[in-house]
Structures are given as structure tokens and as C-alpha cells.
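Heads up, the thing below is written out as C-alpha cells.
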Amino acid sequence: MAIDYATLKLVHVTCVVASGIGFALRGALALADAPVMRQRWVRVAPHLVDTLLLGSAIWMAVLAHLKPTQHPWLGTKIVLLVAYVVLGALALRRARTRRTRIAAYVGALAVFAWIVGIALTRRPAWLFDL
């Protein structure tokens, strides 16, 4: 059974929303040192959502014959995704100081917003055009 592009895009966008809200909540809870952050499902669920998110992104790119080297907006999203993952890891557990965790959290949210902006406009520098 093949999934059409529109359905795949709906799955992808749903995962984007779930991933973004999930990260924002987990970051706030981590900064508050909430006990719920130590529960297994809180650590596992984001990986499931993000795996589906990345898988749907790759599948859409293949179906649409998009290559990051030929579409600067897509290449920029990939680079920013790496930055988002690094900042998210710092915000949630890797940073040593609270100040660094807060800075990484804010930075990760900003990078997430930038990625969404690029997805909506297909312009890598849309943020600087405002």
C-alpha cells in the first residue's frame, strides 16, 4: 500500500507540531528539575516521534525528487536540524550549568522556529527578510 504525498505531509506536519511542543514542555520541565523527567516514557516518546518525523521528511524528499545540494532551503534545514539536536541535548541534559542549559533551550527553540519558517517559505534566510 502506497501513501500519497498529501498523507505523508500530514504525518510529517503532525510530527513537527508534536516534536516542537514536546521539546518545549520537556525543556521547561528539565529546567524546573521536575521528577516526571526521570520517567521512561518521557525519555522514549520523543525518539519515536522524531524518528517518524525524520522518516517522513526523507520519504517526502525522495517522492518529490528533492536533493539538498540542489535546493538551498532543504540543505539549510538539514544543517539547522543538526544545530537543533545539539542545542536540545545541551538544554535537556548535557550542559553543566543552569545558565548554559537555559541559553541552549532558548537557542534550540529559536532554531526550531527558523526551520519551520524555512519549511513554510522555502527561503533559507526568511528570518532576515523580516
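Simple scheme: letters A, B, ... for chains in C-alpha cells order, numbers from 1 for residues in each chain, numbers from 1 for ligands in the order shown.
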Got a sec: who's within 9 Å of Ala119 in chain A, counting only C-alpha atoms, leaving out chain neighbours fewer than 3 positions off, as an MDAnalysis selection string?
chainID A and resid 73:74 77 114:116 122:124
Any chance you could list, as JSON, numbers by chain, the residues in range 1-110 of chain A that come up helix (DSSP H, G or I) when DSSP is run on the backbone?
{"A": [5, 6, 7, 8, 9, 10, 11, 12, 13, 14, 15, 16, 17, 18, 19, 20, 21, 22, 23, 24, 25, 26, 27, 28, 29, 30, 31, 35, 36, 37, 38, 40, 41, 42, 43, 44, 45, 46, 47, 48, 49, 50, 51, 52, 53, 54, 55, 56, 57, 58, 59, 60, 61, 62, 63, 72, 73, 74, 75, 76, 77, 78, 79, 80, 81, 82, 83, 84, 85, 86, 87, 88, 89, 90, 91, 92, 93, 94, 98, 99, 100, 101, 102, 103, 104, 105, 106, 107, 108, 109, 110]}
For those residues, write C-alpha atoms to a file as a PDB file, in the first residue's frame.
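What ended up in part-v1.pdb:
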ATOM      1  CA  TYR A   5       2.296  12.741  -0.742  1.00  0.00           C
ATOM      2  CA  ALA A   6      -0.561  14.653   0.926  1.00  0.00           C
ATOM      3  CA  THR A   7      -0.998  11.978   3.601  1.00  0.00           C
ATOM      4  CA  LEU A   8       2.744  11.800   4.140  1.00  0.00           C
ATOM      5  CA  LYS A   9       2.907  15.574   4.527  1.00  0.00           C
ATOM      6  CA  LEU A  10       0.085  15.448   7.092  1.00  0.00           C
ATOM      7  CA  VAL A  11       2.020  12.844   9.093  1.00  0.00           C
ATOM      8  CA  HIS A  12       5.149  14.991   8.849  1.00  0.00           C
ATOM      9  CA  VAL A  13       3.466  18.233   9.915  1.00  0.00           C
ATOM     10  CA  THR A  14       1.715  16.458  12.790  1.00  0.00           C
ATOM     11  CA  CYS A  15       5.077  15.122  13.962  1.00  0.00           C
ATOM     12  CA  VAL A  16       6.626  18.605  13.656  1.00  0.00           C
ATOM     13  CA  VAL A  17       3.943  20.026  15.951  1.00  0.00           C
ATOM     14  CA  ALA A  18       4.219  17.116  18.406  1.00  0.00           C
ATOM     15  CA  SER A  19       8.018  17.317  18.426  1.00  0.00           C
ATOM     16  CA  GLY A  20       8.105  21.083  18.932  1.00  0.00           C
ATOM     17  CA  ILE A  21       5.520  21.125  21.711  1.00  0.00           C
ATOM     18  CA  GLY A  22       7.125  18.079  23.295  1.00  0.00           C
ATOM     19  CA  PHE A  23      10.563  19.672  23.301  1.00  0.00           C
ATOM     20  CA  ALA A  24       9.236  22.949  24.703  1.00  0.00           C
ATOM     21  CA  LEU A  25       7.497  21.095  27.538  1.00  0.00           C
ATOM     22  CA  ARG A  26      10.405  18.772  28.277  1.00  0.00           C
ATOM     23  CA  GLY A  27      12.810  21.699  28.285  1.00  0.00           C
ATOM     24  CA  ALA A  28      10.673  23.635  30.751  1.00  0.00           C
ATOM     25  CA  LEU A  29      10.283  20.556  32.939  1.00  0.00           C
ATOM     26  CA  ALA A  30      14.015  19.824  32.786  1.00  0.00           C
ATOM     27  CA  LEU A  31      14.843  23.385  33.822  1.00  0.00           C
ATOM     28  CA  PRO A  35      10.539  14.376  38.667  1.00  0.00           C
ATOM     29  CA  VAL A  36       8.462  13.405  35.604  1.00  0.00           C
ATOM     30  CA  MET A  37      11.608  13.881  33.507  1.00  0.00           C
ATOM     31  CA  ARG A  38      13.003  10.683  35.037  1.00  0.00           C
ATOM     32  CA  ARG A  40      10.933   6.198  30.984  1.00  0.00           C
ATOM     33  CA  TRP A  41       8.072   7.206  28.668  1.00  0.00           C
ATOM     34  CA  VAL A  42       9.178  10.854  28.811  1.00  0.00           C
ATOM     35  CA  ARG A  43      12.596   9.810  27.540  1.00  0.00           C
ATOM     36  CA  VAL A  44      11.367   7.311  24.910  1.00  0.00           C
ATOM     37  CA  ALA A  45       8.329   9.020  23.338  1.00  0.00           C
ATOM     38  CA  PRO A  46      10.292  11.903  21.761  1.00  0.00           C
ATOM     39  CA  HIS A  47      12.565   9.432  19.968  1.00  0.00           C
ATOM     40  CA  LEU A  48       9.549   7.683  18.453  1.00  0.00           C
ATOM     41  CA  VAL A  49       8.012  10.965  17.265  1.00  0.00           C
ATOM     42  CA  ASP A  50      11.321  12.282  15.933  1.00  0.00           C
ATOM     43  CA  THR A  51      12.059   9.020  14.096  1.00  0.00           C
ATOM     44  CA  LEU A  52       8.682   9.224  12.365  1.00  0.00           C
ATOM     45  CA  LEU A  53       9.330  12.926  11.662  1.00  0.00           C
ATOM     46  CA  LEU A  54      12.712  12.280  10.054  1.00  0.00           C
ATOM     47  CA  GLY A  55      11.469   9.227   8.179  1.00  0.00           C
ATOM     48  CA  SER A  56       8.543  11.136   6.712  1.00  0.00           C
ATOM     49  CA  ALA A  57      10.861  14.007   5.739  1.00  0.00           C
ATOM     50  CA  ILE A  58      13.210  11.688   3.899  1.00  0.00           C
ATOM     51  CA  TRP A  59      10.301   9.884   2.238  1.00  0.00           C
ATOM     52  CA  MET A  60       8.790  13.186   1.051  1.00  0.00           C
ATOM     53  CA  ALA A  61      12.144  14.335  -0.322  1.00  0.00           C
ATOM     54  CA  VAL A  62      12.534  11.085  -2.239  1.00  0.00           C
ATOM     55  CA  LEU A  63       8.994  11.253  -3.634  1.00  0.00           C
ATOM     56  CA  PRO A  72      19.433  25.529  -0.632  1.00  0.00           C
ATOM     57  CA  TRP A  73      16.388  25.759   1.644  1.00  0.00           C
ATOM     58  CA  LEU A  74      16.500  21.978   2.184  1.00  0.00           C
ATOM     59  CA  GLY A  75      20.234  21.943   2.814  1.00  0.00           C
ATOM     60  CA  THR A  76      19.830  24.788   5.297  1.00  0.00           C
ATOM     61  CA  LYS A  77      17.092  22.866   7.127  1.00  0.00           C
ATOM     62  CA  ILE A  78      19.404  19.864   7.463  1.00  0.00           C
ATOM     63  CA  VAL A  79      22.247  21.968   8.881  1.00  0.00           C
ATOM     64  CA  LEU A  80      19.842  23.668  11.282  1.00  0.00           C
ATOM     65  CA  LEU A  81      18.439  20.292  12.315  1.00  0.00           C
ATOM     66  CA  VAL A  82      21.911  19.272  13.488  1.00  0.00           C
ATOM     67  CA  ALA A  83      22.204  22.535  15.443  1.00  0.00           C
ATOM     68  CA  TYR A  84      18.748  21.944  16.964  1.00  0.00           C
ATOM     69  CA  VAL A  85      19.704  18.438  18.105  1.00  0.00           C
ATOM     70  CA  VAL A  86      22.963  19.655  19.676  1.00  0.00           C
ATOM     71  CA  LEU A  87      21.286  22.584  21.432  1.00  0.00           C
ATOM     72  CA  GLY A  88      18.431  20.337  22.576  1.00  0.00           C
ATOM     73  CA  ALA A  89      20.853  17.823  24.059  1.00  0.00           C
ATOM     74  CA  LEU A  90      22.652  20.621  25.899  1.00  0.00           C
ATOM     75  CA  ALA A  91      19.370  22.048  27.178  1.00  0.00           C
ATOM     76  CA  LEU A  92      17.953  18.761  28.414  1.00  0.00           C
ATOM     77  CA  ARG A  93      20.974  17.057  29.927  1.00  0.00           C
ATOM     78  CA  ARG A  94      24.437  17.814  28.635  1.00  0.00           C
ATOM     79  CA  ARG A  98      21.841  26.170  34.526  1.00  0.00           C
ATOM     80  CA  ARG A  99      22.753  29.314  32.590  1.00  0.00           C
ATOM     81  CA  THR A 100      24.097  27.233  29.699  1.00  0.00           C
ATOM     82  CA  ARG A 101      21.031  24.969  29.775  1.00  0.00           C
ATOM     83  CA  ILE A 102      18.721  27.992  29.570  1.00  0.00           C
ATOM     84  CA  ALA A 103      20.730  29.521  26.712  1.00  0.00           C
ATOM     85  CA  ALA A 104      20.706  26.201  24.835  1.00  0.00           C
ATOM     86  CA  TYR A 105      16.951  25.828  25.419  1.00  0.00           C
ATOM     87  CA  VAL A 106      16.194  29.294  24.052  1.00  0.00           C
ATOM     88  CA  GLY A 107      18.600  28.707  21.164  1.00  0.00           C
ATOM     89  CA  ALA A 108      17.004  25.357  20.307  1.00  0.00           C
ATOM     90  CA  LEU A 109      13.522  26.917  20.288  1.00  0.00           C
ATOM     91  CA  ALA A 110      14.781  29.701  18.014  1.00  0.00           C
TER      92      ALA A 110
END
